[in-house]
>>> print(open('model.tsv').read())   # TSV, C-alpha atoms
chain	number	residue	atom	x	y	z
U	1	MET	CA	-45.68	153.99	-30.32
U	2	SER	CA	-47.28	151.29	-28.11
U	3	SER	CA	-51.04	150.67	-28.12
U	4	ALA	CA	-51.26	151.78	-24.47
U	5	LYS	CA	-49.56	155.08	-25.26
U	6	ILE	CA	-51.86	155.65	-28.24
U	7	ALA	CA	-54.94	154.87	-26.14
U	8	ARG	CA	-53.77	157.17	-23.36
U	9	THR	CA	-53.13	159.97	-25.82
U	10	VAL	CA	-56.56	159.56	-27.45
U	11	VAL	CA	-58.35	159.54	-24.08
U	12	GLY	CA	-56.31	162.54	-22.94
U	13	VAL	CA	-57.18	164.50	-26.08
U	14	ILE	CA	-60.88	163.72	-25.55
U	15	GLY	CA	-60.48	164.88	-21.96
U	16	ASN	CA	-58.89	168.10	-23.21
U	17	VAL	CA	-61.84	168.72	-25.54
U	18	ILE	CA	-64.43	168.16	-22.79
U	19	SER	CA	-62.49	170.27	-20.32
U	20	PHE	CA	-62.08	173.04	-22.89
U	21	GLY	CA	-65.83	173.19	-23.32
U	22	MET	CA	-66.30	173.43	-19.58
U	23	PHE	CA	-63.72	176.20	-19.26
U	24	PHE	CA	-65.43	178.05	-22.08
U	25	SER	CA	-68.95	177.69	-20.65
U	26	PRO	CA	-68.95	180.94	-18.59
U	27	ALA	CA	-68.02	183.01	-21.69
U	28	PRO	CA	-71.61	184.07	-22.50
U	29	THR	CA	-72.04	185.39	-18.97
U	30	PHE	CA	-68.92	187.51	-19.24
U	31	TYR	CA	-69.98	188.71	-22.67
U	32	GLY	CA	-73.15	189.88	-20.94
U	33	ILE	CA	-71.06	191.70	-18.34
U	34	ILE	CA	-69.20	193.54	-21.10
U	35	LYS	CA	-72.48	194.56	-22.75
U	36	LYS	CA	-74.03	195.69	-19.45
U	37	LYS	CA	-70.74	197.17	-18.18
U	38	ALA	CA	-71.54	195.79	-14.75
U	39	VAL	CA	-70.83	192.53	-12.88
U	40	GLU	CA	-74.09	192.80	-10.93
U	41	GLY	CA	-74.20	189.94	-8.37
U	42	LEU	CA	-71.43	187.81	-9.85
U	43	LYS	CA	-68.85	186.63	-7.33
U	44	PRO	CA	-65.21	186.21	-8.40
U	45	ASP	CA	-64.40	183.56	-5.80
U	46	PRO	CA	-64.81	180.45	-8.01
U	47	TYR	CA	-62.62	181.95	-10.74
U	48	VAL	CA	-59.93	182.95	-8.28
U	49	ALA	CA	-59.98	179.44	-6.82
U	50	THR	CA	-59.73	177.92	-10.28
U	51	VAL	CA	-56.62	179.97	-11.04
U	52	LEU	CA	-54.80	178.26	-8.19
U	53	ASN	CA	-56.18	174.85	-9.14
U	54	CYS	CA	-55.05	175.20	-12.77
U	55	ALA	CA	-51.68	176.63	-11.75
U	56	PHE	CA	-50.92	173.59	-9.60
U	57	TRP	CA	-51.97	171.16	-12.33
U	58	VAL	CA	-49.77	173.01	-14.82
U	59	PHE	CA	-46.86	172.73	-12.38
U	60	TYR	CA	-47.69	169.06	-11.81
U	61	GLY	CA	-47.64	168.39	-15.56
U	62	LEU	CA	-44.12	169.73	-16.07
U	63	PRO	CA	-41.63	166.97	-16.96
U	64	PHE	CA	-39.36	167.72	-14.00
U	65	VAL	CA	-42.30	167.29	-11.59
U	66	HIS	CA	-44.36	164.49	-13.13
U	67	PRO	CA	-43.13	163.13	-16.48
U	68	HIS	CA	-45.49	162.02	-19.27
U	69	SER	CA	-48.24	164.47	-18.30
U	70	ILE	CA	-48.23	166.89	-21.23
U	71	LEU	CA	-52.01	166.57	-21.78
U	72	VAL	CA	-52.64	167.46	-18.14
U	73	LEU	CA	-50.42	170.49	-18.59
U	74	THR	CA	-51.98	171.70	-21.85
U	75	ILE	CA	-55.62	171.82	-20.76
U	76	ASN	CA	-54.84	173.47	-17.44
U	77	ALA	CA	-52.63	176.05	-19.15
U	78	ILE	CA	-55.59	176.83	-21.42
U	79	GLY	CA	-57.86	176.93	-18.39
U	80	LEU	CA	-55.49	179.33	-16.66
U	81	VAL	CA	-55.71	181.70	-19.63
U	82	PHE	CA	-59.52	181.52	-19.57
U	83	GLU	CA	-59.63	182.30	-15.86
U	84	PHE	CA	-57.35	185.30	-16.18
U	85	VAL	CA	-59.50	186.62	-19.03
U	86	TYR	CA	-62.64	186.21	-16.92
U	87	LEU	CA	-61.03	187.88	-13.92
U	88	THR	CA	-59.75	190.73	-16.09
U	89	ILE	CA	-63.27	191.38	-17.35
U	90	PHE	CA	-64.55	191.19	-13.78
U	91	TYR	CA	-61.87	193.61	-12.60
U	92	ILE	CA	-62.70	196.14	-15.32
U	93	TYR	CA	-66.40	196.29	-14.50
U	94	ALA	CA	-66.38	195.57	-10.76
U	95	THR	CA	-66.69	198.08	-7.95
U	96	ASN	CA	-63.57	199.18	-6.09
U	97	LYS	CA	-64.43	196.74	-3.32
U	98	GLY	CA	-64.68	193.89	-5.82
U	99	ARG	CA	-61.39	194.85	-7.42
U	100	LYS	CA	-59.57	194.94	-4.10
U	101	LYS	CA	-60.97	191.52	-3.23
U	102	VAL	CA	-59.70	189.97	-6.47
U	103	VAL	CA	-56.26	191.55	-6.13
U	104	LEU	CA	-55.94	190.43	-2.49
U	105	TYR	CA	-56.97	186.86	-3.23
U	106	LEU	CA	-54.65	186.60	-6.22
U	107	LEU	CA	-51.77	188.02	-4.21
U	108	ILE	CA	-52.30	185.39	-1.50
U	109	GLU	CA	-52.43	182.69	-4.15
U	110	VAL	CA	-49.24	183.90	-5.82
U	111	ILE	CA	-47.38	183.86	-2.51
U	112	PHE	CA	-48.66	180.39	-1.64
U	113	PHE	CA	-47.94	178.98	-5.09
U	114	ALA	CA	-44.46	180.51	-5.19
U	115	ALA	CA	-43.68	179.02	-1.78
U	116	VAL	CA	-44.75	175.55	-2.91
U	117	VAL	CA	-42.75	175.83	-6.14
U	118	LEU	CA	-39.61	176.94	-4.29
U	119	ILE	CA	-39.86	174.19	-1.68
U	120	THR	CA	-40.58	171.57	-4.35
U	121	MET	CA	-37.67	172.56	-6.56
U	122	LEU	CA	-35.08	173.31	-3.86
U	123	VAL	CA	-35.84	170.64	-1.28
U	124	LEU	CA	-37.17	167.73	-3.34
U	125	HIS	CA	-34.66	166.46	-5.85
U	126	ASP	CA	-36.50	163.69	-7.70
U	127	THR	CA	-39.75	163.48	-9.64
U	128	HIS	CA	-41.23	160.86	-7.32
U	129	ARG	CA	-41.22	163.14	-4.29
U	130	ARG	CA	-42.15	166.20	-6.32
U	131	SER	CA	-45.11	164.32	-7.79
U	132	LEU	CA	-46.20	163.27	-4.32
U	133	VAL	CA	-46.25	166.78	-2.84
U	134	VAL	CA	-47.72	168.59	-5.83
U	135	GLY	CA	-50.09	165.74	-6.70
U	136	VAL	CA	-51.58	165.67	-3.21
U	137	LEU	CA	-52.15	169.43	-3.31
U	138	CYS	CA	-53.77	169.13	-6.74
U	139	ASP	CA	-56.08	166.42	-5.46
U	140	ILE	CA	-57.09	168.45	-2.42
U	141	PHE	CA	-58.14	171.40	-4.60
U	142	ASN	CA	-59.74	169.20	-7.25
U	143	VAL	CA	-61.77	167.15	-4.78
U	144	GLY	CA	-62.93	170.36	-3.12
U	145	MET	CA	-64.26	171.61	-6.44
U	146	TYR	CA	-65.86	168.31	-7.36
U	147	ILE	CA	-67.75	167.97	-4.08
U	148	SER	CA	-68.79	171.63	-3.90
U	149	PRO	CA	-72.22	170.84	-5.47
U	150	LEU	CA	-73.14	168.79	-2.38
U	151	THR	CA	-75.10	171.78	-1.07
U	152	ILE	CA	-77.11	171.82	-4.29
U	153	MET	CA	-77.70	168.07	-4.01
U	154	ALA	CA	-78.97	168.55	-0.48
U	155	LYS	CA	-81.33	171.24	-1.76
U	156	VAL	CA	-82.62	168.89	-4.48
U	157	ILE	CA	-83.38	166.20	-1.89
U	158	LYS	CA	-85.03	168.70	0.43
U	159	THR	CA	-87.25	170.32	-2.22
U	160	LYS	CA	-87.59	167.19	-4.40
U	161	SER	CA	-86.87	169.48	-7.35
U	162	VAL	CA	-83.98	169.66	-9.83
U	163	GLU	CA	-84.56	173.39	-10.31
U	164	TYR	CA	-81.11	174.11	-8.93
U	165	MET	CA	-79.10	171.35	-10.61
U	166	PRO	CA	-78.67	171.56	-14.41
U	167	PHE	CA	-78.59	168.19	-16.15
U	168	TRP	CA	-76.07	169.05	-18.87
U	169	LEU	CA	-73.46	170.36	-16.45
U	170	SER	CA	-73.75	167.23	-14.31
U	171	LEU	CA	-73.45	165.05	-17.42
U	172	ALA	CA	-70.43	166.98	-18.69
U	173	ASN	CA	-68.72	166.63	-15.33
U	174	PHE	CA	-69.48	162.91	-15.23
U	175	LEU	CA	-67.99	162.38	-18.70
U	176	ASN	CA	-65.01	164.53	-17.77
U	177	GLY	CA	-64.38	162.56	-14.59
U	178	VAL	CA	-64.72	159.21	-16.38
U	179	CYS	CA	-62.43	160.33	-19.18
U	180	TRP	CA	-59.60	161.47	-16.90
U	181	THR	CA	-60.06	158.45	-14.63
U	182	THR	CA	-59.57	156.22	-17.68
U	183	TYR	CA	-56.54	158.27	-18.71
U	184	ALA	CA	-55.01	157.79	-15.26
U	185	LEU	CA	-55.49	154.02	-15.35
U	186	ILE	CA	-53.66	153.54	-18.65
U	187	HIS	CA	-49.90	153.01	-18.37
U	188	PRO	CA	-48.10	154.96	-17.00
U	189	PHE	CA	-50.54	154.81	-14.07
U	190	ASP	CA	-51.23	158.21	-12.46
U	191	ILE	CA	-52.64	157.92	-8.94
U	192	TYR	CA	-53.05	161.67	-8.47
U	193	VAL	CA	-55.16	162.20	-11.58
U	194	LEU	CA	-57.09	159.04	-10.68
U	195	VAL	CA	-58.03	159.96	-7.10
U	196	SER	CA	-59.71	163.31	-7.66
U	197	ASN	CA	-61.34	162.42	-10.97
U	198	SER	CA	-62.76	159.10	-9.79
U	199	ILE	CA	-64.29	160.97	-6.86
U	200	GLY	CA	-65.56	163.56	-9.32
U	201	ALA	CA	-67.11	160.88	-11.52
U	202	VAL	CA	-68.90	159.34	-8.54
U	203	SER	CA	-70.08	162.77	-7.35
U	204	SER	CA	-71.41	163.64	-10.81
U	205	LEU	CA	-73.06	160.22	-11.14
U	206	ALA	CA	-74.84	160.86	-7.85
U	207	GLN	CA	-76.12	164.15	-9.27
U	208	LEU	CA	-77.40	162.37	-12.39
U	209	ILE	CA	-79.17	159.76	-10.26
U	210	LEU	CA	-80.82	162.54	-8.25
U	211	TYR	CA	-81.85	164.20	-11.48
U	212	ALA	CA	-83.41	160.95	-12.69
U	213	CYS	CA	-85.32	160.65	-9.42
U	214	TYR	CA	-86.72	164.18	-9.40
U	215	TYR	CA	-86.62	165.40	-13.01
U	216	ASN	CA	-90.44	165.48	-13.28
U	217	ASN	CA	-90.57	167.99	-10.45
U	218	LYS	CA	-89.07	171.32	-11.50
U	219	GLY	CA	-91.47	173.63	-9.80
U	220	LYS	CA	-90.12	176.67	-7.98
U	221	LYS	CA	-90.49	177.00	-4.26
U	222	ASP	CA	-91.43	180.34	-2.82
U	223	GLY	CA	-88.48	182.24	-1.48
U	224	ASP	CA	-85.94	180.04	-3.23
U	225	ASP	CA	-84.97	182.46	-5.99
U	226	ASP	CA	-81.91	183.60	-4.12
U	227	LEU	CA	-80.72	180.03	-3.80
U	228	LYS	CA	-80.76	179.26	-7.49
U	229	PRO	CA	-77.22	179.49	-8.84
U	230	THR	CA	-76.57	181.47	-11.95
U	231	GLY	CA	-75.24	179.67	-15.00
U	232	VAL	CA	-71.72	180.89	-14.42
U	233	GLN	CA	-71.71	179.89	-10.77
U	234	LEU	CA	-72.87	176.43	-11.71
U	235	SER	CA	-70.17	176.13	-14.28
U	236	THR	CA	-67.53	177.16	-11.83
U	237	THR	CA	-68.33	174.66	-9.13
U	238	ASN	CA	-67.60	171.63	-11.24
U	239	GLU	CA	-66.04	172.62	-14.49
U	240	ARG	CA	-62.87	173.88	-12.91
U	241	ALA	CA	-61.98	170.40	-11.80
U	242	ALA	CA	-60.96	169.75	-15.34
U	243	VAL	CA	-58.27	167.18	-14.73
>>> encode(input="model.tsv", output="structure tokens")
Amino acid sequence: MSSAKIARTVVGVIGNVISFGMFFSPAPTFYGIIKKKAVEGLKPDPYVATVLNCAFWVFYGLPFVHPHSILVLTINAIGLVFEFVYLTIFYIYATNKGRKKVVLYLLIEVIFFAAVVLITMLVLHDTHRRSLVVGVLCDIFNVGMYISPLTIMAKVIKTKSVEYMPFWLSLANFLNGVCWTTYALIHPFDIYVLVSNSIGAVSSLAQLILYACYYNNKGKKDGDDDLKPTGVQLSTTNERAAV
């Protein structure tokens, strides 16, 4: 085994460990839902979105789409399992309206994903073109998840308070982005993993810089309680961009 392959494998395994922790982070919140037997104000949208994101990365990591991407496949397959567990818990304890919303969104995602898979496999007959189509879609979803905290960053600048931006989540996302960016740069070069994760690393670094600028000011502003994200919502804006 070449030194480059060993290095890539080691970095990929570290990325898997970090990503696993981020996928696991909402577990305490869902344990609370089970104990309370109610979802309260939790929204399923981030988890539904992450299902599609993970599904596309799993598809991307298959050898007949993008060879040599087993570590991309493994962590997103694990993430997919986590998301389905979370959504199952949500479905059990949600209102009828909440259940219908989850089922509708998942149905739309299944149809869209199936269409992409069919077109990719039936129309595109080599891994280069398959990687291009699926990789671009993966990057679109991943970048969307990485830049979703921009609203929180704007709030930090406006209030000059880091009340709404947890340090450890930003740090974890930065390390995750750096790790997968490094993985993508090691031979065989992976432009699609590189693009979204380098953007994610920069986005997370910007959050850390903001935190450094305003960390001494954590005071609440009147009327801002409804703007403060819950732990699970914070974990679902960034952590789902795991690769």
>>> atom_distance(input="model.tsv", atom1="CA of Arg130 in chain U", atom2="CA of Ala4 in chain U")
24.9 Å
>>> closest_atom_pairs(input="model.tsv", of="range 14-53 of chain U", to="range 74-90 of chain U", cutoff="6 Å", atoms="all atoms listed in the file", output="tab-separated table")
residue	atom	partner	partner_atom	distance
U:Asn16	CA	U:Ile75	CA	5.5
U:Phe23	CA	U:Gly79	CA	6.0
U:Tyr47	CA	U:Glu83	CA	5.9
U:Val51	CA	U:Leu80	CA	5.8
>>> write_last_selection(input="model.tsv", atoms="C-alpha atoms", output="CSV table (one decimal), keeping the file's coordinate frame")
chain,number,residue,atom,x,y,z
U,16,ASN,CA,-58.9,168.1,-23.2
U,23,PHE,CA,-63.7,176.2,-19.3
U,47,TYR,CA,-62.6,182.0,-10.7
U,51,VAL,CA,-56.6,180.0,-11.0
>>> atom_distance(input="model.tsv", atom1="CA of Val133 in chain U", atom2="CA of Ile191 in chain U")
12.5 Å
>>> closest_residue(input="model.tsv", among="U:Tyr211, U:Trp168, U:Tyr183, U:Tyr105", to="Gly21 in chain U", atoms="only C-alpha atoms")
U:Trp168
>>> residues_near_point(input="model.tsv", point="(-48.0, 166.5, -23.1)", cutoff="12 Å", atoms="only C-alpha atoms", output="PDB file with C-alpha atoms, keeping the file's coordinate frame")
ATOM      1  CA  LYS U   5     -49.560 155.080 -25.260  1.00  0.00           C
ATOM      2  CA  ARG U   8     -53.770 157.170 -23.360  1.00  0.00           C
ATOM      3  CA  THR U   9     -53.130 159.970 -25.820  1.00  0.00           C
ATOM      4  CA  VAL U  10     -56.560 159.560 -27.450  1.00  0.00           C
ATOM      5  CA  GLY U  12     -56.310 162.540 -22.940  1.00  0.00           C
ATOM      6  CA  VAL U  13     -57.180 164.500 -26.080  1.00  0.00           C
ATOM      7  CA  ASN U  16     -58.890 168.100 -23.210  1.00  0.00           C
ATOM      8  CA  VAL U  58     -49.770 173.010 -14.820  1.00  0.00           C
ATOM      9  CA  TYR U  60     -47.690 169.060 -11.810  1.00  0.00           C
ATOM     10  CA  GLY U  61     -47.640 168.390 -15.560  1.00  0.00           C
ATOM     11  CA  LEU U  62     -44.120 169.730 -16.070  1.00  0.00           C
ATOM     12  CA  PRO U  63     -41.630 166.970 -16.960  1.00  0.00           C
ATOM     13  CA  HIS U  66     -44.360 164.490 -13.130  1.00  0.00           C
ATOM     14  CA  PRO U  67     -43.130 163.130 -16.480  1.00  0.00           C
ATOM     15  CA  HIS U  68     -45.490 162.020 -19.270  1.00  0.00           C
ATOM     16  CA  SER U  69     -48.240 164.470 -18.300  1.00  0.00           C
ATOM     17  CA  ILE U  70     -48.230 166.890 -21.230  1.00  0.00           C
ATOM     18  CA  LEU U  71     -52.010 166.570 -21.780  1.00  0.00           C
ATOM     19  CA  VAL U  72     -52.640 167.460 -18.140  1.00  0.00           C
ATOM     20  CA  LEU U  73     -50.420 170.490 -18.590  1.00  0.00           C
ATOM     21  CA  THR U  74     -51.980 171.700 -21.850  1.00  0.00           C
ATOM     22  CA  ILE U  75     -55.620 171.820 -20.760  1.00  0.00           C
ATOM     23  CA  ASN U  76     -54.840 173.470 -17.440  1.00  0.00           C
ATOM     24  CA  ALA U  77     -52.630 176.050 -19.150  1.00  0.00           C
TER      25      ALA U  77
END
>>> residues_around(input="model.tsv", residues="range 198-208 of chain U", least_positions_apart="3", cutoff="12 Å", atoms="only C-alpha atoms", output="CSV table (one decimal) with C-alpha atoms, in the coordinates of the input")
chain,number,residue,atom,x,y,z
U,139,ASP,CA,-56.1,166.4,-5.5
U,140,ILE,CA,-57.1,168.4,-2.4
U,141,PHE,CA,-58.1,171.4,-4.6
U,142,ASN,CA,-59.7,169.2,-7.2
U,143,VAL,CA,-61.8,167.2,-4.8
U,144,GLY,CA,-62.9,170.4,-3.1
U,145,MET,CA,-64.3,171.6,-6.4
U,146,TYR,CA,-65.9,168.3,-7.4
U,147,ILE,CA,-67.8,168.0,-4.1
U,148,SER,CA,-68.8,171.6,-3.9
U,149,PRO,CA,-72.2,170.8,-5.5
U,150,LEU,CA,-73.1,168.8,-2.4
U,151,THR,CA,-75.1,171.8,-1.1
U,152,ILE,CA,-77.1,171.8,-4.3
U,153,MET,CA,-77.7,168.1,-4.0
U,154,ALA,CA,-79.0,168.6,-0.5
U,155,LYS,CA,-81.3,171.2,-1.8
U,156,VAL,CA,-82.6,168.9,-4.5
U,157,ILE,CA,-83.4,166.2,-1.9
U,162,VAL,CA,-84.0,169.7,-9.8
U,164,TYR,CA,-81.1,174.1,-8.9
U,165,MET,CA,-79.1,171.4,-10.6
U,166,PRO,CA,-78.7,171.6,-14.4
U,167,PHE,CA,-78.6,168.2,-16.2
U,168,TRP,CA,-76.1,169.0,-18.9
U,169,LEU,CA,-73.5,170.4,-16.4
U,170,SER,CA,-73.8,167.2,-14.3
U,171,LEU,CA,-73.4,165.0,-17.4
U,172,ALA,CA,-70.4,167.0,-18.7
U,173,ASN,CA,-68.7,166.6,-15.3
U,174,PHE,CA,-69.5,162.9,-15.2
U,175,LEU,CA,-68.0,162.4,-18.7
U,176,ASN,CA,-65.0,164.5,-17.8
U,177,GLY,CA,-64.4,162.6,-14.6
U,178,VAL,CA,-64.7,159.2,-16.4
U,179,CYS,CA,-62.4,160.3,-19.2
U,180,TRP,CA,-59.6,161.5,-16.9
U,181,THR,CA,-60.1,158.4,-14.6
U,182,THR,CA,-59.6,156.2,-17.7
U,183,TYR,CA,-56.5,158.3,-18.7
U,184,ALA,CA,-55.0,157.8,-15.3
U,185,LEU,CA,-55.5,154.0,-15.4
U,190,ASP,CA,-51.2,158.2,-12.5
U,191,ILE,CA,-52.6,157.9,-8.9
U,192,TYR,CA,-53.0,161.7,-8.5
U,193,VAL,CA,-55.2,162.2,-11.6
U,194,LEU,CA,-57.1,159.0,-10.7
U,195,VAL,CA,-58.0,160.0,-7.1
U,211,TYR,CA,-81.8,164.2,-11.5
U,212,ALA,CA,-83.4,161.0,-12.7
U,213,CYS,CA,-85.3,160.6,-9.4
U,214,TYR,CA,-86.7,164.2,-9.4
U,215,TYR,CA,-86.6,165.4,-13.0
U,237,THR,CA,-68.3,174.7,-9.1
U,238,ASN,CA,-67.6,171.6,-11.2
U,239,GLU,CA,-66.0,172.6,-14.5
U,240,ARG,CA,-62.9,173.9,-12.9
U,241,ALA,CA,-62.0,170.4,-11.8
U,242,ALA,CA,-61.0,169.8,-15.3
U,243,VAL,CA,-58.3,167.2,-14.7
>>> closest_residue(input="model.tsv", among="U:Val117, U:Leu132, U:Leu106, U:Ala38", to="Phe59 in chain U", atoms="only C-alpha atoms")
U:Val117
>>> atom_distance(input="model.tsv", atom1="CA of Lys43 in chain U", atom2="CA of Met22 in chain U")
18.2 Å
>>> closest_residue(input="model.tsv", among="U:Pro44, U:Ser3, U:Ser196, U:Ala27", to="Lys97 in chain U", atoms="all atoms listed in the file")
U:Pro44
>>> closest_residue(input="model.tsv", among="U:Phe64, U:Tyr93, U:Phe24, U:Trp57", to="Lys37 in chain U", atoms="only C-alpha atoms")
U:Tyr93
>>> closest_residue(input="model.tsv", among="U:Val136, U:Ala115, U:Ile14, U:Ala94", to="Leu42 in chain U", atoms="only C-alpha atoms")
U:Ala94
